[in-house]
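Below: one structure, written as structure tokens.
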Amino acid sequence: MKRALPSLLLLVFASNTQAHRLDEYLQATRITVATNRIDLSIHLTPGVAVFDQLFPVIDRDHDGRVSDKEAATYARRLLKDLQVRLDGKPLNLAAGDINFPPLSDARAGIGVIRFKAAATIDGLAPGRHELVLENRHLPAISVYLVNVLAPKNDAIQIDRQIRNKNQSNYSLLFTLKSSK
Amino acid sequence: MQPILSVRNTTISLLVFLATIGMLDSVRLEAAASGQTQKIVGAANAFLETLDDTQRGRASFASDDAAQRVRWSNLPISMAERRGLRMGDLKQSQRDAVMKMLATALSRMGYEKVVGIINGDEVLRRESGGGSPAFGKDQFYVSFMGKPSTTEPWMIQFGGHHLALNITIVGRENILTPSLIAVQPARYTLEGKSVRPLGRETDEALELVKSLDESQSKKAILGFQMRDLVLGPGHDGETIEPEGIKASGLTDAQRELLIKLISEWSGIIHETAAAEKMAEIKAHLADTWFAWSGPLEAGKAYFRIQGPTIVIEYAPQRLGGDVTMHLHTMYRDPTDDYGKKFTGK
């Protein structure tokens with residue numbers, strides 16, 4: 001499988017370079033803030049030209065497919081590479097679902113790995129807060145997008161989002177209004 | 001006494017006159033909107049009548065078919081399945097009927113834009129190693145969710161690579177969101193004529209961002225890179241926090257530029273629906289944001305316009321080499337994608 005991959009990639013590359021993600025691993029994160037939890041939904045899309053760098057990280061036994069165990073291992077790797085702090089204190093993220101696309105789609109640069117993670121918060125006090133997300137997952141091949149979704153709870157007001165140039169470091173300033 | 005009465009009577013007469021004019025305008029608008037729906041229903045039925053039973057079955061989906069509703073993408077059909085009738089499988093008279101239906105549902109500007117995108121994909125097919133089956137004008141699909149009706153909700157879906165039109169019709173309401181409007185190549189020559197299907201969007205956005213002063217630019221220009229659309233295909237129902245500069249912080253002239261830019265998307269639907277949509281957008285203009293990420297050069301930067309009833313994203317793509325030749329844009333209404341304001345779905 002590993003030996004056949006480069007030529008297969010070249011074929012896909014030649015016929016489809018107009019249509020798909022090419023030489024970067026796009027990691028698009030959406031953050032949902034609630035009074036009792038923080039949810040992350042991450043869509044990871046490997047480009048054709050970086051697939052052969054990424055796939056061995058996931059397919060650890062090199063059998064050409066992603067087993068449940070390998071999926072869980074990759075989810076743990078993602079968690080390890082994500083640092084989340086609320087008001088300076090690290091949050092314990094727990095992995096949720098991780099779903100892999102068909103391998104043919106991933107090879108073609110159109111497959112999306114969908115990963116969810118969440119952290120519970122105890123007693124978020126009214127006032128201003130800062131949530132920081134650092135994404136250190138495979139920085140050599142990755143590009144990042146991070147956005148907060150509009151909160152469903154009117155008591156939470158998003159004040160500002162601050163990012164570094166490539167969005168690997170993200171800071172969210174928000175206010176929990178006090179209930180009167 | 002007499003003069004005062006006379007003034008009062010004149011004032012009342014004037015108010016009655018103005019109210020009547022206003023009512024007439026409203027009646028005229030109502031009639032125009034209902035009339036346009038009738039025309040679209042007529043054009044859709046005219047196309048359906050050209051089909052045999054098998055084709056009609058393949059083109060028709062239930063109005064609540066959740067999977068079909070989201071079966072659209074920026075990707076070519078070889079990478080993302082579409083269902084319905086493929087234009088390449090239709091006779092010329094049937095293709096003409098499809099295009100007539102689109103011409104009825106869209107404005108002249110919108111129709112020309114759609115034709116420009118389709119022709120662009122045909123150019124891509126010819127230029128991609130002798131004719132890739134993934135691209136080209138044959139690879140666009142047409143389908144219906146629900147039956148054409150002047151009263152019940154239904155939808156026309158038309159799209160393929162770089163194009164997804166979702167036209168929801170609920171009585172007099174004709175809604176274009178969500179629609180993906182993209183193009184590659186963004187500049188080409190066809191029959192000796194230079195074509196830029198998304199040229200005005202590109203130029204008007206640049207004009208707007210270049211009109212900002214230093215303090216406005218500081219707010220509008222994001223200090224980070226945006227590699228792609230945030231709310232592209234697969235992100236229905238999501239609302240992100242707006243960023244950039246609010247239109248309330250723009251001058252009148254800049255607000256006019258913003259409105260002109262927005263109309264490149266809101267004006268794709270036929271003129272009557274576009275006028276109503278623009279009135280709604282203008283009513284929320286003060287709460288509408290403009291953000292830019294990238295160099296101050298045409299077609300090289302990402303931008304986003306976001307208001308209570310509109311989200312427009314424009315994202316140049318690195319794939320294919322020259323980012324100015326490969327543009328993805330997304331047009332959404334967080335309150336009314338797929339006509340949910342009127343269908344409740």
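Scheme for the structure tokens: letters A, B, ... for chains in order shown; per-chain residue numbers from 1; ligand numbers from 1 in order shown.
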
### Query
Given a cut-off of 6 Å, which residues of chain B touch chain A, counting only C-alpha atoms, written out as a VMD selection string?
chain B and resid 224 to 225 239 to 241 319 to 320

#### Entry: Secondary structure check, strand (DSSP E) residues of range 73-141 of chain A, as a ChimeraX atom specification
/A:82-86,89-90,94-99,113-120,127-135

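From CA of Met79 in chain B back to CA of Phe55 in chain A, the distance works out to 20.0 Å.
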
### Task
Write out as a list in words which residues come within 9 Å of Lys137 in chain B when counting only C-alpha atoms, dropping same-chain ones fewer than 3 positions away.
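Result of the neighbour search: Met87, Gly88, Ile118, Asn119, Gly120, Asp121, Glu122, Arg125, Phe140 and Gly160 of chain B.
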
### Query
CA of Gln55 in chain B and CA of Arg86 in chain B are how many Å apart?
10.1 Å

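Counting only C-alpha atoms, Val57 in chain A has the following residues at most 12 Å away, ignoring those fewer than 2 positions along the same chain: Val50, Phe51, Asp52, Gln53, Leu54, Phe55, Asp59, Arg60, Asp61, His62, Gly64, Arg65, Val66, Glu70, Ala71, Thr73, Tyr74, Ala75, Arg77, Leu78, His137 and Leu138 of chain A.
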
Write the residues of the selection above to a file with N, CA and C atoms, as a short mmCIF file (atom, residue, chain, number, x, y, z; two decimals), in the first residue's frame.
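The resulting result_28.cif:
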data_model
loop_
_atom_site.label_atom_id
_atom_site.label_comp_id
_atom_site.auth_asym_id
_atom_site.auth_seq_id
_atom_site.Cartn_x
_atom_site.Cartn_y
_atom_site.Cartn_z
N VAL A 50 0.12 16.66 0.86
CA VAL A 50 0.58 16.42 2.23
C VAL A 50 0.00 15.12 2.80
N PHE A 51 -0.84 14.46 2.01
CA PHE A 51 -1.48 13.25 2.50
C PHE A 51 -0.46 12.20 2.92
N ASP A 52 0.60 12.06 2.12
CA ASP A 52 1.58 11.01 2.45
C ASP A 52 2.42 11.36 3.68
N GLN A 53 2.39 12.63 4.09
CA GLN A 53 3.04 12.98 5.35
C GLN A 53 2.10 12.74 6.52
N LEU A 54 0.82 12.96 6.29
CA LEU A 54 -0.16 12.82 7.37
C LEU A 54 -0.56 11.36 7.61
N PHE A 55 -0.76 10.62 6.52
CA PHE A 55 -1.37 9.31 6.69
C PHE A 55 -0.57 8.36 7.59
N ASP A 59 -2.27 6.07 10.23
CA ASP A 59 -2.24 4.63 9.94
C ASP A 59 -0.94 4.04 10.49
N ARG A 60 -0.95 3.83 11.79
CA ARG A 60 0.32 3.49 12.45
C ARG A 60 0.84 2.11 12.11
N ASP A 61 -0.06 1.18 11.77
CA ASP A 61 0.44 -0.15 11.39
C ASP A 61 0.64 -0.28 9.87
N HIS A 62 0.45 0.82 9.17
CA HIS A 62 0.72 0.88 7.73
C HIS A 62 -0.03 -0.20 6.93
N GLY A 64 -2.88 0.52 5.43
CA GLY A 64 -3.67 1.21 4.41
C GLY A 64 -5.08 1.53 4.80
N ARG A 65 -5.42 1.34 6.07
CA ARG A 65 -6.76 1.72 6.51
C ARG A 65 -6.69 2.25 7.94
N VAL A 66 -7.76 2.94 8.34
CA VAL A 66 -7.77 3.53 9.69
C VAL A 66 -8.68 2.67 10.58
N GLU A 70 -6.68 3.09 15.80
CA GLU A 70 -5.85 4.16 15.22
C GLU A 70 -6.60 5.50 15.25
N ALA A 71 -7.91 5.43 15.04
CA ALA A 71 -8.72 6.66 15.10
C ALA A 71 -8.66 7.25 16.50
N THR A 73 -6.34 6.73 18.72
CA THR A 73 -4.96 7.21 18.97
C THR A 73 -4.75 8.58 18.34
N TYR A 74 -5.29 8.76 17.12
CA TYR A 74 -5.13 10.06 16.46
C TYR A 74 -5.92 11.14 17.22
N ALA A 75 -7.08 10.77 17.74
CA ALA A 75 -7.86 11.74 18.53
C ALA A 75 -7.06 12.18 19.76
N ARG A 77 -3.82 12.20 19.97
CA ARG A 77 -2.72 13.04 19.47
C ARG A 77 -3.22 14.48 19.24
N LEU A 78 -4.42 14.57 18.67
CA LEU A 78 -4.99 15.90 18.45
C LEU A 78 -5.18 16.64 19.77
N HIS A 137 -0.81 21.23 16.16
CA HIS A 137 -0.87 19.97 15.43
C HIS A 137 -0.24 20.12 14.03
N LEU A 138 0.82 19.41 13.81
CA LEU A 138 1.53 19.34 12.53
C LEU A 138 1.72 20.71 11.87
#
